[in-house]
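So the structure is just underneath, and the comments pick up after that.
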Amino acid sequence: MTEVKVICASHELIAGNEPLKKFVDQQKGAHCSVLVNETQYVVVKVAKEADIEKVRATAGNIARDLASQKVEKALVLEGTLETAFEHLVKETVFTAFAEGWDLGSYQFLTYKSKEEPFQTALEVEGEDVQSAVELGKIRAAATAFSRDLMNEVSDVLNPETYPDVLKKQYADTGIEVTVYRKKEIEEMGMNGVLTVCRGSKYSPSFVEMKYVGDASKPLVALVGKGVTFDTGGISLKSGKDLSDMRMDMGGSAAVAGAMQLLAKTEAKVNVVALIPMVENTPDNTSVFPGEVITYKNGTTVQVGNTDAEGRLILADALIRAGELNAEYIVDIATLTGAVVNALGTEIGGVFGDEEQAFIMKKVGDENGDFVWPMPLVEAYDKSLASDYADMNNISSLSYGGSITAALFLRRFVPKDSKWLHVDMAGMMSKSSNSGYYAKSATGYGARLLADYAVKISE
């Protein structure tokens with residue numbers, strides 16, 4: 001099939017055709033395919049309470065369905081989407097539809113020898129909505145880049161190659177990329193990064209990326225955990241299949257996607273991205289439980305568990321954000337399984353400045369990267385005490401793991417900065433295709449960080 005036409009259930013095509021209307025109404029799901037006078041239509045069924053996330057999800061489902069049928073092109077007829085979603089802002093609807101469309105048909109087939117990516121091309125009638133559609137495609141491309149990074153295998157994307165991938169991606173975008181290798185990391189006193197990566201055959205890297213859309217805006221630091229594979233180190237993880245641990249750099253992927261989105265939209269922001277890159281593996285040179293790390297700010301940390309490595313490298317990045325005098329700092333990481341127990345797999349947790357946390361929640365409610373404000377329980381802070389150092393990297397408690405991880409990070413946050421920590425462990429991947437999510441990596445956080453940076457820079 002070369003082309004289908006996309007309409008909505010309120011369109012005149014079925015308004016005066018009761019048999020067809022009855023057929024559509026009987027169909028389950030958000031859309032169905034109908035043949036009328038030798039023209040194939042996809043009829044979108046819209047609930048009155050549908051929100052903007054439903055627009056993205058519906059578009060994603062249709063795009064994936066048509067791609068599986070090898071339909072070459074889909075044409076959205078003028079006047080249909082805006083009529084169906086008349087309770088929503090017209091431009092926002094078209095941006096969301098285009099965004100959901102491209103993300104819904106996302107595929108990572110690099111290592112599939114007999115499969116080629118296929119996407120049904122989306123065309124939308126109406127000159128007045130083309131810029132909104134283009135924005136949706138830009139947003140989808142940034143999120144897809146995050147997904148590509150997360151899906152890539154660890155022998156291809158590792159602490160030594162990761163910086164080069166970013167430099168290539170951001171060529172001619174206005175993003176300035178600075179790469180610090182092991183010798184420079186030693187000179188910078190980033191002992192958390194050096195310690196965690198000690199057992200790997202790869203040397204660590206630390207990447208700084210700057211995008212200045214408006215130098216008068218407050219400096220926003222986006223910090224992403226870049227553990228390209230996490231075995232747990234000496235505190236080895238258990239499980240039949242650890243292959244998803246290549247996605248433990250999901251926080252860094254979110255930051256990378258956010259930077260692309262900001263640059264491509266020429267956002268009026270002043271942003272620096274900080275990504276510590278390591279691999280956490282067991283070896284005769286790996287850090288052992290009980291060892292003590294001395295950070296650049298003088299803080300000493302006993303390594304109670306080598307599988308709590310993300311916070312050890314984020315600490316270095318938070319110190320660096322302070323050196324750069326960032327007014328706002330957001331770190332994001334696949335940090336704890338505890339946040340999954342608390343919130344499940346449909347929403348991330350955000351800790352830190354209460355006012356900023358609720359601003360971020362509203363941003364996520366609009367763009368689909370949902371977060372829920374979580375408490376920093378002061379009574380739990382003492383659980384990080386160590387007999388040998390200023391603090392331990394794990395809590396003595398058997399509960400509240402995501403909270404105590406955030407409390408650990410807070411100790412490295414500059415006093416004058418507004419800080420948020422996003423724990424995205426539950427949002428790292430999906431187990432099946434649904435809406436605009438493909439099975440596997442989600443690309444979560446790219447839109448959240450970019451939109452938040454824009455919001456606080458207004």
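A note on labels: chains of the structure tokens are A, B, ... as shown, every chain counts residues from 1, and ligands are counted from 1 in their shown order.
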Neighbour list for Tyr388 (chain A) as a PDB file with C-alpha atoms, in the first residue's frame, cut-off 9 Å, only C-alpha atoms, skip fewer than 2 positions in-chain:
ATOM      1  CA  GLY A 290      35.737  -0.620  52.473  1.00  0.00           C
ATOM      2  CA  VAL A 292      37.983   5.357  51.092  1.00  0.00           C
ATOM      3  CA  THR A 300      35.998  11.426  52.347  1.00  0.00           C
ATOM      4  CA  VAL A 301      33.678   8.586  51.371  1.00  0.00           C
ATOM      5  CA  GLN A 302      33.884   4.942  52.361  1.00  0.00           C
ATOM      6  CA  ALA A 385      27.584   7.710  58.667  1.00  0.00           C
ATOM      7  CA  SER A 386      30.852   5.786  58.391  1.00  0.00           C
ATOM      8  CA  ASP A 390      33.034  11.379  56.583  1.00  0.00           C
ATOM      9  CA  MET A 391      30.295   9.292  55.050  1.00  0.00           C
ATOM     10  CA  ASN A 392      29.435   5.973  53.430  1.00  0.00           C
TER      11      ASN A 392
END
Region 236-242 of chain A: which residues within 8 Å, counting only C-alpha atoms, same-chain residues fewer than 4 positions away excluded, as a PyMOL selection string? chain A and resi 231-232+282+307
If you run DSSP on the backbone here, which positions in region 244-411 of chain A get strand (DSSP E or B)? Please write them as an MDAnalysis selection string. chainID A and resid 270:280 292:294 300:302 328:333 348:352 371:373 391:392
Would you export the selected residues with C-alpha atoms as a short mmCIF file (atom, residue, chain, number, x, y, z; two decimals), in the first residue's frame, please?
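The result, written out as part29.cif:
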data_model
loop_
_atom_site.label_atom_id
_atom_site.label_comp_id
_atom_site.auth_asym_id
_atom_site.auth_seq_id
_atom_site.Cartn_x
_atom_site.Cartn_y
_atom_site.Cartn_z
CA ASN A 270 22.81 29.18 28.92
CA VAL A 271 23.56 25.51 29.56
CA VAL A 272 26.55 23.35 30.38
CA ALA A 273 26.33 19.55 30.33
CA LEU A 274 28.63 17.49 32.54
CA ILE A 275 29.01 13.76 31.91
CA PRO A 276 31.39 11.48 33.84
CA MET A 277 31.99 8.31 31.79
CA VAL A 278 33.10 5.04 33.36
CA GLU A 279 32.61 1.30 33.22
CA ASN A 280 32.05 -0.54 36.50
CA VAL A 292 37.98 5.36 51.09
CA ILE A 293 37.81 8.03 48.38
CA THR A 294 38.99 11.57 49.08
CA THR A 300 36.00 11.43 52.35
CA VAL A 301 33.68 8.59 51.37
CA GLN A 302 33.88 4.94 52.36
CA TYR A 328 20.72 25.74 38.61
CA ILE A 329 21.90 22.13 38.69
CA VAL A 330 19.94 19.08 37.58
CA ASP A 331 21.51 15.64 37.81
CA ILE A 332 19.78 12.65 36.28
CA ALA A 333 20.64 8.99 36.67
CA GLY A 348 10.59 9.17 37.59
CA GLY A 349 11.33 10.64 41.00
CA VAL A 350 12.65 14.16 41.52
CA PHE A 351 14.36 15.31 44.71
CA GLY A 352 15.82 18.62 45.85
CA VAL A 371 8.21 13.02 37.38
CA TRP A 372 6.90 13.02 40.91
CA PRO A 373 8.40 15.19 43.70
CA MET A 391 30.29 9.29 55.05
CA ASN A 392 29.44 5.97 53.43
#
Please determine, counting only C-alpha atoms, which residue among A:Asn61, A:Gln40, A:Thr265, A:Asn393 has the shortest atom-to-atom distance to Lys137 (chain A). A:Thr265
Pick out each residue of region 133-354 of chain A that DSSP on the backbone tags as helix (DSSP H, G or I); I need them as a count of residues only. 85
Would you list the contacts of region 159-170 of chain A as a ChimeraX atom specification, taking every protein, DNA or RNA residue within 7 Å and counting only C-alpha atoms, but skipping same-chain residues closer than 2 positions in sequence? /A:157,172-173,175,177,179,202-205,207,228,277-279
What does the distance between CA of Thr285 (chain A) and CA of Cys197 (chain A) come to in Å, to one decimal place?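 Rounded to one decimal, the two atoms are 9.5 Å apart.
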So that I can see what lies close to Ala379 (chain A), please list as a VMD selection string the residues with an atom at most 12 Å from it, counting only C-alpha atoms and leaving out residues fewer than 3 positions away in the same chain. chain A and resid 375 to 376 382 to 384 395 397 400 403 to 404 407
Please provide as a PyMOL selection string all residues within 8 Å of Ala253 (chain A), with the sequence filter that same-chain residues fewer than 6 positions apart are discarded (counting only C-alpha atoms). chain A and resi 145-147+149-150+224+226+443+446
With distances taken over only C-alpha atoms, which residue among A:Gly136, A:Lys5, A:Gln119, A:Gly104 lies nearest Leu75 (chain A)?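 Checking each candidate against Leu75 (chain A), we get A:Lys5 as the closest.
Neighbours of region 129-133 of chain A closer than or equal to 7 Å, with only C-alpha atoms counted and sequence neighbours fewer than 5 positions away skipped, come out as Glu91, Phe94, Thr95 and Ala98 of chain A.
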Please indicate the distance in Å from CA of Val42 (chain A) to CA of Gly368 (chain A), rounded to one decimal place.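 Straight-line distance from CA of Val42 (chain A) to CA of Gly368 (chain A) works out to 24.4 Å.
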